[in-house]
Each structure stands twice: as C-alpha cells, then as structure tokens.
>>> print(open('protein-v7.txt').read())   # compact mmCIF, C-alpha atoms
# COMPACT_ATOMS: atom_id res chain seq x y z
CA GLN S 1213 0.00 0.00 0.00
CA VAL S 1214 1.38 3.37 -1.02
CA GLN S 1215 1.56 6.17 1.51
CA LEU S 1216 2.90 9.68 1.10
CA VAL S 1217 4.67 11.01 4.17
CA GLU S 1218 5.37 14.72 4.50
CA SER S 1219 7.95 16.40 6.66
CA GLY S 1220 9.68 19.73 7.12
CA GLY S 1221 6.84 21.97 8.24
CA GLY S 1222 6.85 24.19 11.29
CA LEU S 1223 6.94 27.75 12.54
CA VAL S 1224 9.01 30.37 10.76
CA GLN S 1225 9.24 34.15 10.82
CA PRO S 1226 8.26 36.27 7.83
CA GLY S 1227 11.07 36.28 5.31
CA GLY S 1228 12.30 32.90 6.45
CA SER S 1229 12.57 29.60 4.60
CA LEU S 1230 11.38 26.05 4.94
CA ARG S 1231 11.75 22.95 2.81
CA LEU S 1232 8.93 20.45 2.69
CA SER S 1233 9.50 16.86 1.69
CA CYS S 1234 7.02 14.22 0.60
CA ALA S 1235 8.19 10.65 0.24
CA ALA S 1236 6.24 7.70 -1.10
CA SER S 1237 6.50 4.46 0.81
CA GLY S 1238 5.66 1.17 -0.81
CA THR S 1239 5.73 0.32 -4.47
CA ILE S 1240 4.24 3.04 -6.60
CA SER S 1241 3.43 2.96 -10.30
CA PRO S 1242 5.26 5.32 -12.63
CA ILE S 1243 4.40 8.87 -11.69
CA ASN S 1244 2.85 11.26 -14.17
CA TYR S 1245 3.28 14.33 -12.01
CA MET S 1246 3.77 15.53 -8.44
CA GLU S 1247 2.03 18.49 -6.91
CA TRP S 1248 1.76 20.59 -3.80
CA TYR S 1249 -1.45 22.11 -2.50
CA ARG S 1250 -2.28 24.13 0.58
CA GLN S 1251 -5.37 24.82 2.59
CA THR S 1252 -6.40 27.25 5.30
CA PRO S 1253 -9.42 26.78 7.58
CA GLY S 1254 -12.70 27.49 5.84
CA GLU S 1255 -11.08 27.75 2.43
CA GLN S 1256 -10.82 25.40 -0.53
CA ARG S 1257 -7.60 23.57 -1.13
CA GLU S 1258 -5.35 25.71 -3.32
CA TRP S 1259 -2.99 24.36 -5.93
CA VAL S 1260 0.60 25.56 -5.42
CA ALA S 1261 3.00 23.83 -7.81
CA GLN S 1262 3.44 20.93 -10.22
CA LEU S 1263 6.42 18.94 -11.47
CA THR S 1264 5.77 16.64 -14.41
CA SER S 1265 7.51 13.45 -15.46
CA ARG S 1266 9.09 15.49 -18.25
CA ASN S 1267 10.53 17.86 -15.64
CA ARG S 1268 8.24 20.72 -16.50
CA VAL S 1269 7.32 22.93 -13.57
CA TYR S 1270 4.33 25.14 -13.01
CA TYR S 1271 3.57 27.53 -10.15
CA ALA S 1272 0.67 29.45 -8.77
CA ASP S 1273 1.11 33.18 -9.23
CA SER S 1274 0.92 33.73 -5.48
CA ILE S 1275 4.19 31.88 -4.86
CA LYS S 1276 6.05 32.27 -8.14
CA GLY S 1277 9.63 33.34 -7.64
CA ARG S 1278 9.62 32.32 -3.98
CA PHE S 1279 8.88 28.57 -4.02
CA THR S 1280 10.66 25.85 -5.96
CA ILE S 1281 9.40 22.34 -6.59
CA SER S 1282 11.90 19.57 -7.23
CA ALA S 1283 12.15 15.81 -6.93
CA ASP S 1284 14.44 12.88 -6.34
CA ASP S 1285 12.95 10.30 -8.67
CA ALA S 1286 15.07 7.51 -7.31
CA LYS S 1287 13.55 8.09 -3.89
CA ASN S 1288 10.03 8.90 -5.13
CA THR S 1289 10.30 12.11 -3.16
CA VAL S 1290 9.14 15.61 -4.00
CA TYR S 1291 10.32 18.77 -2.31
CA LEU S 1292 9.00 22.28 -1.94
CA GLN S 1293 11.60 24.89 -1.11
CA MET S 1294 9.83 27.91 0.29
CA ASN S 1295 11.74 31.18 0.57
CA ASP S 1296 10.73 34.68 1.60
CA LEU S 1297 7.73 33.28 3.43
CA LYS S 1298 4.82 35.59 4.10
CA LEU S 1299 2.06 35.55 6.67
CA GLU S 1300 -0.39 34.51 3.97
CA ASP S 1301 1.63 31.36 3.27
CA THR S 1302 0.39 29.94 6.56
CA ALA S 1303 -1.56 26.79 5.72
CA VAL S 1304 -1.61 23.03 5.82
CA TYR S 1305 0.42 21.82 2.85
CA TYR S 1306 -0.43 18.60 1.00
CA CYS S 1307 1.49 16.68 -1.61
CA LYS S 1308 -0.15 14.68 -4.34
CA PHE S 1309 1.20 12.11 -6.78
CA ARG S 1310 -0.73 11.27 -9.94
CA VAL S 1311 0.31 7.94 -11.49
CA PHE S 1312 -0.20 6.97 -15.10
CA ARG S 1313 -1.98 3.73 -14.29
CA GLY S 1314 -5.64 4.56 -13.98
CA ASN S 1315 -4.88 8.23 -13.29
CA ARG S 1316 -4.87 7.38 -9.62
CA ASP S 1317 -4.02 10.05 -7.06
CA TYR S 1318 -2.18 9.62 -3.80
CA TRP S 1319 -2.29 12.32 -1.14
CA GLY S 1320 -0.12 13.09 1.82
CA GLN S 1321 -1.61 13.60 5.25
CA GLY S 1322 -0.85 17.31 5.30
CA ILE S 1323 1.72 19.28 7.24
CA GLN S 1324 1.35 22.61 9.01
CA VAL S 1325 3.37 25.63 7.95
CA THR S 1326 2.95 28.70 10.15
CA VAL S 1327 4.50 32.03 9.28
CA SER S 1328 4.38 34.37 12.25
CA SER S 1329 6.46 37.00 13.96
>>> encode(input="protein-v7.txt", output="structure tokens")
Amino acid sequence: QVQLVESGGGLVQPGGSLRLSCAASGTISPINYMEWYRQTPGEQREWVAQLTSRNRVYYADSIKGRFTISADDAKNTVYLQMNDLKLEDTAVYYCKFRVFRGNRDYWGQGIQVTVSS
C-alpha cells in the first residue's frame, strides 16, 4: 500500500525559509506528475505547484519566484523549497502524486506551515 509522508513543516518568521518533503513508501506505479497544495481553515484547497515526469514545472502566481518544486525520482520524493515566506503562506500543505496507471491520485496527510512574527 502506497503512503505519502510529508515532513519539514513548522513555525518560521516572515522572510524565512522552509523545505517540505514528501516521500512515497511502498511500491508506486510510474508517476505522471507531483504536486503541492495548501489549505487554510474554511477555504478550498489551493494548488501551489506541479512537477511533471518530463521535468516541467508550473507555479501558482501567489508563490512564483519564492517557491521551488523539485524531486528525487530515485527516492520517489518531491520537495518544496519555500523562501521569503509571508504571513499569507500559513496553511496546511499537502502533496499529491498522480500515477499513469488509472490516473490514480495519492495524497499526503498534510503538514502545518505557520509564518508568524
């Protein structure tokens, strides 16, 4: 059974940095793309970034130039480097893997990122 396990969240001051990791455990089918989302209480989950199997990257306008998505394919792990964090980046962050087989999605459990002075 595949599980995605996130790590790296926490409390950081405005302007600071964090790096989130999301690792797949178990045997996973070839991955089409990896994504990060975030969600604040009472709001819909917001798409943040995508890294495709062809190494194309896409970012939400709200984080462009500050966040970087990358991956270690050998470890089935995706990262989100977050720099120049702002108060409005506070959220629970989720990773998602979409595999080719059946277009199945796997989600992480979510990890809290709090930006506060």
>>> residues_around(input="protein-v7.txt", residues="Leu1297 of chain S", least_positions_apart="2", cutoff="6 Å", atoms="all atoms listed in the file", output="number ranges by chain")
S: 1226-1228, 1295
>>> axis_aligned_box(input="protein-v7.txt", around="segment 1215-1233 of chain S", padding_each_side="4 Å", output="AutoDock Vina command-line options")
--center_x 7.1 --center_y 21.2 --center_z 6.8 --size_x 19.0 --size_y 38.1 --size_z 19.4
>>> residues_around(input="protein-v7.txt", residues="segment 1252-1258 of chain S", least_positions_apart="6", cutoff="10 Å", atoms="only C-alpha atoms", output="PyMOL selection string")
chain S and resi 1272+1300-1306+1324
>>> residues_around(input="protein-v7.txt", residues="Ala1286 of chain S", least_positions_apart="5", cutoff="12 Å", atoms="all atoms listed in the file", output="list of chain:residue names")
S:Ala1235, S:Ala1236, S:Ile1240, S:Pro1242, S:Ile1243
>>> closest_residue(input="protein-v7.txt", among="S:Thr1239, S:Ser1282, S:Gln1225, S:Gln1251", to="Ser1329 of chain S", atoms="all atoms listed in the file")
S:Gln1225
>>> closest_residue(input="protein-v7.txt", among="S:Gln1262, S:Ser1328, S:Thr1280, S:Gln1215", to="Lys1298 of chain S", atoms="all atoms listed in the file")
S:Ser1328
>>> residues_around(input="protein-v7.txt", residues="Asp1285 of chain S", least_positions_apart="4", cutoff="12 Å", atoms="all atoms listed in the file", output="PyMOL selection string")
chain S and resi 1234-1236+1240+1242-1246+1263-1267+1289-1291
>>> closest_residue(input="protein-v7.txt", among="S:Leu1230, S:Leu1299, S:Val1311, S:Ile1323", to="Val1217 of chain S", atoms="only C-alpha atoms")
S:Ile1323
>>> closest_residue(input="protein-v7.txt", among="S:Val1327, S:Met1294, S:Val1260, S:Leu1216", to="Arg1310 of chain S", atoms="only C-alpha atoms")
S:Leu1216
>>> atom_distance(input="protein-v7.txt", atom1="atom CA of Asn1315 of chain S", atom2="atom CA of Arg1231 of chain S")
27.4 Å
>>> atom_distance(input="protein-v7.txt", atom1="atom CA of Ser1237 of chain S", atom2="atom CA of Arg1250 of chain S")
21.5 Å
>>> atom_distance(input="protein-v7.txt", atom1="atom CA of Ser1233 of chain S", atom2="atom CA of Ser1274 of chain S")
20.2 Å
